[in-house]
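Comments concern the structure below.
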Amino acid sequence: MSAPAAFSNAQVAGALDEIADLLEVQGGGNGLRIRACRNAARTVDGLGRSVAEMIAAGGKLDDLPGIGADLAGKIAEIAATGTCAQLEALRHETPPGLAELLRLPGLGPRRIQRLHEALHIESLQDLQAAAQQGQLQRLHGFGAETQQRLLEATRLRLQPQRRLPLPQVAETVALLLAQLKAVPGVHEAVAAGSFRRRRDTVGDVDLLVTASAPALAVHALTQHSGVTRVLAHGTTKAGVLLADGLQVDLRAVPPASFGAAWLYFTGSRAHNIALRRLAQEAGLKLNEYGLYRDGRRIAGHTEQSVYRALGLAWIEPELREDRGELDAARAGTLPRLVELADLRGDLRVHPASVLGSVGLRALAQEAMARRLDYLAITARFHAGGGAQGLDAAGLARQLRAIEQLNEGFEGFTLLKGLEVEILEDGRLDLPADLDLAGIDLVTGVVLRAFDLPAPKQTERLLRALDDPRLAILGHPTNRLLLQREASAFDLERVLRQAKARGCFVEADALPQRLDLDDVGCRMAREIGVPVSIASEAQEPAGLADLLWGVGQARRGWLEPADVLNTRPLSQLRRLLAAAQGRAAPEPAAA
DNA sequence: GCCGTTTTCGGCCCGACTGTTTTCAGTCG
């Protein structure tokens with residue numbers, strides 16, 4: 001029995017990053033120490049299992065890459081108490097507003113120190129006042145233009161940070177790429193960066209072109225109609241800000257460097273650093289123009305050529321986070337990632353209102369057009385009926401409608417599902433006497449009380465999983481991207497319980513949810529709980545959202561076999577029946 | 001502060017752009 005996770009990985013990583021920030025603005029420190037601290041923060045953040053759990057289980061943190069005895073000690077301290085002696089000392093020594101100045105674009109540690117020493121600037125407000133009074137431009141290394149830029153930055157910074165959901169950015173990217181491809185002399189125009197890696201939100205977009213006249217392509221971006229501000233503009237590189245707050249960076253490289261550049265600008269930063277270190281160890285040099293031996297380029301036209309020359313298989317962009325993919329690429333054990341086309345169905349279609357057979361038929365037709373074989377209509381059950389869901393009579397009517405429609409389909413099936421609330425104490429909001437004989441699957445979801453203390457939230461989910469009627473735990477963390485944090489609970493314990501019970505966990509593909517996220521998906525794979533990628537579509541067009549769920553699944557290393565709804569219908573039915581205790585589990589060989 | 005099939009010291013990814021310089025430091029990705 002392990003101790004409950006005291007502080008989450010995100011909190012530990014946050015504290016490590018704060019140490020790095022404070023060391024940085026204090027100056028005089030060892031830059032490499034700061035880097036080590038940030039590396040450790042990234043490692044912890046992307047770990048996929050709780051460091052507090054690892055410590056409780058007797059695991060050794062200094063086995064983790066980039067974490068030695070010193071950082072392991074600090075991490076243990078933070079995981080237990082939320083802070084550590086060094087962080088407290090740094091907070092004591094450093095004015096509280098200084099670190100947030102690091103977030104201003106164009107302002108780094110050196111200039112912050114200079115501002116602090118010369119003008120006693122300790123906060124955004126101080127900086128704004130000094131800039132308004134024209135004090136900055138009198139400082140060595142600052143000029144009138146820098147002063148103006150910082151003044152503007154302090155104003156923008158006082159508004160909330162803008163990251164955008166991936167789907168919203170996707171439209172902009174498609175538009176920009178089409179326009180770049182139309183510029184004379186442009187050969188290739190592709191997206192890179194976190195967008196290509198399919199991160200759940202995107203802070204800026206990186207685009208790459210190869211062109212016979214690169215300056216022309218770079219210029220074209222700055223002339224795009226949506227640009228509100230040009231941040232940088234050279235002959236091979238430009239950065240602009242669009243009206244919706246999205247930053248777009250463009251680089252142009254020669255065709256012979258296309259692969260090396262695409263690799264480089266796709267990142268992640270951690271993946272790039274690991275690759276370059278690998279190159280260096282082999283006596284090679286890797287940059288965005290190619291892989292070089294003694295100044296001679298030996299690879300770079302394609303990504304494959306670079307990976308191959310380093311002894312690696314080509315790595316899918318979604319895996320490039322330095323979370324073990326380089327070792328797997330060397331060993332030939334990279335996963336064959338699940339693709340949208342692998343999905344045979346969608347296990348949570350969730351009409352906003354009670355659909356008549358016309359609405360159900362439209363959903364089914366869209367599913368068939370997308371080459372799906374089945375679709376689970378998961379009406380929300382609510383004993384009182386009304387706007388909150390179907391009561392027993394409404395449910396019976398819907399089941400009859402589904403049966404009638406199914407009689408007219410060939411090679412396609414609507415499944416009869418139910419969405420039920422997981423109450424605060426972990427019971428399912430489902431009358432004990434409700435007949436579930438005709439129901440194919442029950443998905444349980446938390447709909448309120450998201451911020452219970454972690455041990456209570458964990459117990460709630462564990463108890464829900466104990467109910468033999470439950471098959472799938474829906475959007476487990478209840479996060480809403482950029483709006484609501486994930487609920488705090490011990491995901492690892494919940495997944496182990498799901499595994500023991502033969503239940504499944506959902507990766508909700510709604511762009512504002514993406515829940516489970518990539519790290520959660522990976523944990524499910526490692527523990528052996530199949531993941532249901534579900535659109536929660538309320539109308540036919542909503543089925544398109546499955547794509548975003550597949551993105552997170554791929555980032556979580558999921559193969560087709562790790563995903564519940566890649567199974568053919570007959571196999572799926574057996575798995576669901578077993579989960580709900582209605583039949584013997586299928587043979588392991590299946 | 002971490003790390004090592006060229007290990008226990010001496011390294012640590014690499015290049016573009018900007019502003020303020022008069023040859024480059026600082027910042028960014």
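We name chains A, B, ... following the order of the structure tokens; residues begin at 1 in each chain, and ligands are numbered from 1 as shown.
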Practice task
Report as a VMD selection string: the residues of stretch 333-380 of chain A with a DSSP assignment of strand (DSSP E), based on the backbone of this structure.
Solution key: chain A and resid 345 to 349 374 to 380
Expected file: the selected residues, C-alpha atoms, as a PDB file, in the first residue's frame:
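That gives us result24.pdb:
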```
ATOM      1  CA  GLY A 345     -16.223   3.108 -33.885  1.00  0.00           C
ATOM      2  CA  ASP A 346     -16.914   5.788 -31.325  1.00  0.00           C
ATOM      3  CA  LEU A 347     -18.112   4.823 -27.863  1.00  0.00           C
ATOM      4  CA  ARG A 348     -19.582   8.081 -26.668  1.00  0.00           C
ATOM      5  CA  VAL A 349     -21.901  10.068 -28.839  1.00  0.00           C
ATOM      6  CA  TYR A 374     -20.352   1.182 -34.710  1.00  0.00           C
ATOM      7  CA  LEU A 375     -21.404   4.146 -32.634  1.00  0.00           C
ATOM      8  CA  ALA A 376     -22.513   4.102 -29.008  1.00  0.00           C
ATOM      9  CA  ILE A 377     -25.390   6.446 -28.217  1.00  0.00           C
ATOM     10  CA  THR A 378     -24.721   7.247 -24.576  1.00  0.00           C
ATOM     11  CA  ALA A 379     -27.763   9.116 -23.350  1.00  0.00           C
ATOM     12  CA  ARG A 380     -27.342  10.547 -19.899  1.00  0.00           C
TER      13      ARG A 380
END
```
Handout entry: chain A contacts on chain B, only C-alpha atoms (C1' of nucleotides), 10 Å, as a PyMOL selection string
Key = chain B and resi 1-3+6+12-21+25-29
Export of prior selection with N, CA and C atoms (P, O5', C5', C4', C3', O3' and C1' of nucleotides) as a short mmCIF file (atom, residue, chain, number, x, y, z; two decimals), in the first residue's frame:
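selection12.cif was written with the following content:
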```cif
data_model
loop_
_atom_site.label_atom_id
_atom_site.label_comp_id
_atom_site.auth_asym_id
_atom_site.auth_seq_id
_atom_site.Cartn_x
_atom_site.Cartn_y
_atom_site.Cartn_z
P DG B 1 24.66 22.71 -7.05
"O5'" DG B 1 24.26 21.81 -8.31
"C5'" DG B 1 22.90 21.81 -8.69
"C4'" DG B 1 22.73 20.77 -9.77
"C3'" DG B 1 23.31 19.41 -9.42
"O3'" DG B 1 22.44 18.42 -9.93
"C1'" DG B 1 24.38 20.25 -11.35
P DC B 2 22.73 16.83 -9.78
"O5'" DC B 2 23.12 16.44 -11.27
"C5'" DC B 2 22.20 16.74 -12.31
"C4'" DC B 2 22.70 16.18 -13.62
"C3'" DC B 2 23.17 14.73 -13.53
"O3'" DC B 2 22.65 14.01 -14.64
"C1'" DC B 2 24.92 16.10 -14.38
P DC B 3 22.76 12.41 -14.60
"O5'" DC B 3 23.97 12.15 -15.61
"C5'" DC B 3 23.98 12.77 -16.88
"C4'" DC B 3 25.33 12.53 -17.53
"C3'" DC B 3 25.88 11.13 -17.22
"O3'" DC B 3 25.96 10.39 -18.43
"C1'" DC B 3 27.54 12.83 -16.88
P DT B 6 33.69 4.55 -26.67
"O5'" DT B 6 34.40 5.97 -26.48
"C5'" DT B 6 34.53 6.50 -25.19
"C4'" DT B 6 35.97 6.40 -24.74
"C3'" DT B 6 36.30 7.34 -23.58
"O3'" DT B 6 37.34 6.78 -22.79
"C1'" DT B 6 37.48 8.04 -25.51
P DC B 12 31.49 21.75 -24.77
"O5'" DC B 12 30.07 21.38 -24.13
"C5'" DC B 12 29.49 20.10 -24.40
"C4'" DC B 12 28.29 19.92 -23.51
"C3'" DC B 12 27.22 21.01 -23.71
"O3'" DC B 12 25.96 20.40 -23.83
"C1'" DC B 12 27.78 20.82 -21.43
P DC B 13 24.79 21.21 -24.58
"O5'" DC B 13 25.22 21.05 -26.09
"C5'" DC B 13 24.77 19.93 -26.84
"C4'" DC B 13 24.43 20.38 -28.23
"C3'" DC B 13 25.42 21.43 -28.76
"O3'" DC B 13 25.66 21.13 -30.12
"C1'" DC B 13 23.23 22.34 -28.78
P DC B 14 26.83 21.80 -30.92
"O5'" DC B 14 26.11 22.96 -31.73
"C5'" DC B 14 25.08 22.61 -32.64
"C4'" DC B 14 24.40 23.87 -33.09
"C3'" DC B 14 25.34 25.00 -33.48
"O3'" DC B 14 25.21 25.21 -34.87
"C1'" DC B 14 23.49 25.78 -32.21
P DG B 15 26.15 26.21 -35.65
"O5'" DG B 15 25.13 27.34 -36.11
"C5'" DG B 15 24.02 26.95 -36.90
"C4'" DG B 15 22.97 28.03 -36.85
"C3'" DG B 15 23.43 29.41 -37.34
"O3'" DG B 15 22.46 29.88 -38.24
"C1'" DG B 15 22.43 29.60 -35.21
P DA B 16 22.68 31.17 -39.10
"O5'" DA B 16 21.42 32.04 -38.66
"C5'" DA B 16 20.11 31.50 -38.85
"C4'" DA B 16 19.10 32.52 -38.43
"C3'" DA B 16 19.34 33.93 -38.97
"O3'" DA B 16 18.10 34.49 -39.34
"C1'" DA B 16 19.41 33.95 -36.57
P DC B 17 18.05 35.86 -40.11
"O5'" DC B 17 17.68 36.83 -38.91
"C5'" DC B 17 16.52 36.57 -38.15
"C4'" DC B 17 16.46 37.55 -37.00
"C3'" DC B 17 16.75 39.00 -37.40
"O3'" DC B 17 15.64 39.78 -37.00
"C1'" DC B 17 18.02 38.37 -35.49
P DT B 18 15.56 41.29 -37.40
"O5'" DT B 18 15.92 41.98 -36.01
"C5'" DT B 18 15.25 41.56 -34.84
"C4'" DT B 18 15.76 42.37 -33.69
"C3'" DT B 18 16.04 43.84 -34.04
"O3'" DT B 18 15.29 44.67 -33.18
"C1'" DT B 18 17.94 42.82 -32.97
P DG B 19 15.23 46.21 -33.42
"O5'" DG B 19 16.30 46.75 -32.38
"C5'" DG B 19 16.22 46.28 -31.05
"C4'" DG B 19 17.43 46.75 -30.28
"C3'" DG B 19 17.77 48.23 -30.49
"O3'" DG B 19 18.14 48.76 -29.23
"C1'" DG B 19 19.63 46.90 -31.12
P DT B 20 18.34 50.27 -29.07
"O5'" DT B 20 19.92 50.34 -28.86
"C5'" DT B 20 20.47 49.53 -27.83
"C4'" DT B 20 21.95 49.39 -28.05
"C3'" DT B 20 22.70 50.74 -28.21
"O3'" DT B 20 23.84 50.73 -27.37
"C1'" DT B 20 23.25 49.27 -29.96
P DT B 21 24.70 51.94 -27.25
"O5'" DT B 21 26.10 51.35 -27.69
"C5'" DT B 21 26.49 51.33 -29.07
"C4'" DT B 21 27.28 50.10 -29.33
"C3'" DT B 21 28.62 50.39 -29.97
"O3'" DT B 21 29.61 50.55 -28.96
"C1'" DT B 21 27.47 48.60 -31.11
P DA B 25 30.45 39.76 -26.85
"O5'" DA B 25 29.42 40.10 -25.69
"C5'" DA B 25 29.24 41.45 -25.27
"C4'" DA B 25 27.76 41.69 -24.99
"C3'" DA B 25 27.13 40.60 -24.13
"O3'" DA B 25 26.28 41.24 -23.20
"C1'" DA B 25 25.97 40.76 -26.19
P DG B 26 25.54 40.40 -22.08
"O5'" DG B 26 24.08 40.24 -22.67
"C5'" DG B 26 23.34 41.40 -23.02
"C4'" DG B 26 22.05 40.97 -23.67
"C3'" DG B 26 21.33 39.82 -22.96
"O3'" DG B 26 20.03 40.28 -22.63
"C1'" DG B 26 21.47 39.42 -25.30
P DT B 27 19.00 39.35 -21.87
"O5'" DT B 27 18.15 38.68 -23.02
"C5'" DT B 27 17.51 39.51 -23.98
"C4'" DT B 27 16.92 38.66 -25.07
"C3'" DT B 27 16.15 37.42 -24.58
"O3'" DT B 27 14.78 37.58 -24.89
"C1'" DT B 27 17.55 36.93 -26.46
P DC B 28 13.70 36.49 -24.47
"O5'" DC B 28 13.62 35.59 -25.78
"C5'" DC B 28 13.38 36.21 -27.03
"C4'" DC B 28 13.50 35.18 -28.13
"C3'" DC B 28 12.79 33.86 -27.79
"O3'" DC B 28 11.68 33.71 -28.65
"C1'" DC B 28 14.99 33.50 -28.70
P DG B 29 10.57 32.58 -28.34
"O5'" DG B 29 11.02 31.39 -29.29
"C5'" DG B 29 11.19 31.63 -30.68
"C4'" DG B 29 11.90 30.45 -31.29
"C3'" DG B 29 11.29 29.10 -30.89
"O3'" DG B 29 11.15 28.28 -32.05
"C1'" DG B 29 13.60 29.11 -30.47
#
```
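Taking atom CA of A:Arg469 and atom CA of A:Gly581 as endpoints, the distance between them is 7.5 Å.
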Problem - Backbone DSSP call of alpha helix (DSSP H) for stretch 156-330 of chain A, listed as JSON, numbers by chain - result: {"A": [156, 157, 166, 167, 168, 169, 170, 171, 172, 173, 174, 175, 176, 177, 178, 179, 180, 181, 193, 194, 195, 196, 214, 215, 216, 217, 218, 219, 220, 221, 222, 258, 259, 260, 261, 262, 263, 264, 265, 266, 269, 270, 271, 272, 273, 274, 275, 276, 277, 278, 279, 280, 281, 303, 304, 305, 306, 307, 308, 309, 325, 326, 327, 328, 329, 330]}
Residues as selected, C-alpha atoms, written as a short mmCIF file (atom, residue, chain, number, x, y, z; two decimals), in the first residue's frame, can you do that?
```cif
data_model
loop_
_atom_site.label_atom_id
_atom_site.label_comp_id
_atom_site.auth_asym_id
_atom_site.auth_seq_id
_atom_site.Cartn_x
_atom_site.Cartn_y
_atom_site.Cartn_z
CA LEU A 156 0.20 43.17 -23.04
CA ARG A 157 1.57 41.12 -20.19
CA LEU A 166 -5.06 23.01 -31.44
CA PRO A 167 -8.16 22.84 -33.72
CA GLN A 168 -8.53 26.59 -33.83
CA VAL A 169 -4.90 26.93 -34.84
CA ALA A 170 -5.26 24.18 -37.46
CA GLU A 171 -7.48 26.36 -39.64
CA THR A 172 -5.01 29.24 -39.54
CA VAL A 173 -2.10 26.95 -40.33
CA ALA A 174 -3.86 25.45 -43.36
CA LEU A 175 -4.63 28.92 -44.66
CA LEU A 176 -1.08 30.23 -44.19
CA LEU A 177 0.48 27.16 -45.80
CA ALA A 178 -1.80 27.48 -48.82
CA GLN A 179 -0.78 31.11 -49.22
CA LEU A 180 2.92 30.33 -48.84
CA LYS A 181 2.70 27.56 -51.43
CA GLY A 193 6.79 22.91 -33.84
CA SER A 194 4.29 21.87 -31.18
CA PHE A 195 1.54 22.01 -33.80
CA ARG A 196 3.14 19.16 -35.73
CA PRO A 214 13.54 32.58 -49.70
CA ALA A 215 13.29 36.30 -48.99
CA LEU A 216 10.14 36.47 -51.11
CA ALA A 217 8.40 33.79 -49.03
CA VAL A 218 9.48 35.38 -45.77
CA HIS A 219 8.22 38.72 -47.00
CA ALA A 220 4.87 37.15 -47.96
CA LEU A 221 4.18 36.15 -44.37
CA THR A 222 4.72 39.69 -43.12
CA PHE A 258 14.81 20.55 -45.70
CA GLY A 259 14.84 17.40 -43.54
CA ALA A 260 17.35 18.74 -41.02
CA ALA A 261 15.38 21.97 -40.73
CA TRP A 262 12.02 20.23 -40.38
CA LEU A 263 13.50 18.05 -37.68
CA TYR A 264 15.00 21.01 -35.93
CA PHE A 265 11.91 23.23 -36.02
CA THR A 266 9.58 20.40 -35.03
CA ARG A 269 13.68 21.34 -27.64
CA ALA A 270 14.52 18.40 -25.39
CA HIS A 271 14.44 15.99 -28.35
CA ASN A 272 16.75 18.28 -30.34
CA ILE A 273 19.24 18.57 -27.53
CA ALA A 274 19.30 14.80 -27.09
CA LEU A 275 19.79 14.31 -30.86
CA ARG A 276 22.61 16.84 -31.00
CA ARG A 277 24.34 15.22 -28.09
CA LEU A 278 24.08 11.90 -29.90
CA ALA A 279 25.62 13.48 -33.00
CA GLN A 280 28.35 15.04 -30.96
CA GLU A 281 29.22 11.71 -29.35
CA GLU A 303 14.37 13.65 -41.71
CA GLN A 304 14.90 9.95 -42.37
CA SER A 305 18.42 10.59 -43.64
CA VAL A 306 19.40 12.36 -40.43
CA TYR A 307 17.92 9.74 -38.11
CA ARG A 308 19.45 6.95 -40.21
CA ALA A 309 22.92 8.50 -40.10
CA GLU A 325 11.88 7.62 -28.01
CA LEU A 326 15.59 7.79 -28.91
CA ASP A 327 16.34 4.54 -27.08
CA ALA A 328 13.34 2.91 -28.73
CA ALA A 329 14.42 4.17 -32.16
CA ARG A 330 17.89 2.73 -31.65
#
```
Practice task
Determine, counting only C-alpha atoms (C1' of nucleotides), which protein, DNA and RNA residues have an atom within 8 Å of an atom of A:Asp429; residues of the same chain fewer than 3 positions away are not included. Present the result as a list in words.
Solution key: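 Answer for this query is His382, Val420, Glu421, Ile422 and Leu423 of chain A.
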Handout entry: Selection: 10 Å around A:Leu90, only C-alpha atoms (C1' of nucleotides), excl. self and same-chain fewer than 2 positions, as a ChimeraX atom specification
Key = /A:18-23,26,85-88,92-96
Taking N, CA and C atoms for each residue, export the selection above as an mmCIF file, in the first residue's frame.
```cif
data_model
loop_
_atom_site.group_PDB
_atom_site.id
_atom_site.type_symbol
_atom_site.label_atom_id
_atom_site.label_comp_id
_atom_site.auth_asym_id
_atom_site.auth_seq_id
_atom_site.Cartn_x
_atom_site.Cartn_y
_atom_site.Cartn_z
ATOM 1 N N GLU A 18 10.680 27.371 -10.698
ATOM 2 C CA GLU A 18 10.801 28.610 -9.928
ATOM 3 C C GLU A 18 12.220 28.781 -9.392
ATOM 4 N N ILE A 19 12.829 27.677 -8.940
ATOM 5 C CA ILE A 19 14.229 27.744 -8.499
ATOM 6 C C ILE A 19 15.101 28.249 -9.641
ATOM 7 N N ALA A 20 14.880 27.692 -10.844
ATOM 8 C CA ALA A 20 15.678 28.099 -12.002
ATOM 9 C C ALA A 20 15.461 29.580 -12.315
ATOM 10 N N ASP A 21 14.200 30.021 -12.269
ATOM 11 C CA ASP A 21 13.891 31.436 -12.526
ATOM 12 C C ASP A 21 14.640 32.330 -11.550
ATOM 13 N N LEU A 22 14.550 31.974 -10.274
ATOM 14 C CA LEU A 22 15.144 32.827 -9.243
ATOM 15 C C LEU A 22 16.665 32.837 -9.350
ATOM 16 N N LEU A 23 17.258 31.671 -9.620
ATOM 17 C CA LEU A 23 18.708 31.630 -9.825
ATOM 18 C C LEU A 23 19.094 32.508 -11.007
ATOM 19 N N GLN A 26 18.805 36.239 -10.200
ATOM 20 C CA GLN A 26 19.815 36.633 -9.217
ATOM 21 C C GLN A 26 21.157 36.864 -9.880
ATOM 22 N N ALA A 85 14.309 23.807 1.000
ATOM 23 C CA ALA A 85 15.093 24.836 1.689
ATOM 24 C C ALA A 85 15.676 25.839 0.699
ATOM 25 N N GLN A 86 16.200 25.343 -0.424
ATOM 26 C CA GLN A 86 16.823 26.251 -1.375
ATOM 27 C C GLN A 86 15.797 27.225 -1.961
ATOM 28 N N LEU A 87 14.624 26.704 -2.289
ATOM 29 C CA LEU A 87 13.594 27.560 -2.865
ATOM 30 C C LEU A 87 13.167 28.635 -1.864
ATOM 31 N N GLU A 88 12.993 28.228 -0.616
ATOM 32 C CA GLU A 88 12.596 29.199 0.402
ATOM 33 C C GLU A 88 13.658 30.282 0.565
ATOM 34 N N HIS A 92 13.280 34.276 -0.279
ATOM 35 C CA HIS A 92 13.575 35.259 0.755
ATOM 36 C C HIS A 92 14.513 36.338 0.217
ATOM 37 N N GLU A 93 15.480 35.898 -0.623
ATOM 38 C CA GLU A 93 16.521 36.820 -1.085
ATOM 39 C C GLU A 93 16.089 37.672 -2.270
ATOM 40 N N THR A 94 15.072 37.226 -3.010
ATOM 41 C CA THR A 94 14.772 37.861 -4.291
ATOM 42 C C THR A 94 13.440 38.600 -4.221
ATOM 43 N N PRO A 95 13.393 39.825 -4.707
ATOM 44 C CA PRO A 95 12.106 40.538 -4.749
ATOM 45 C C PRO A 95 11.085 39.721 -5.522
ATOM 46 N N PRO A 96 9.873 39.593 -5.018
ATOM 47 C CA PRO A 96 8.889 38.662 -5.599
ATOM 48 C C PRO A 96 8.502 38.982 -7.045
#
```
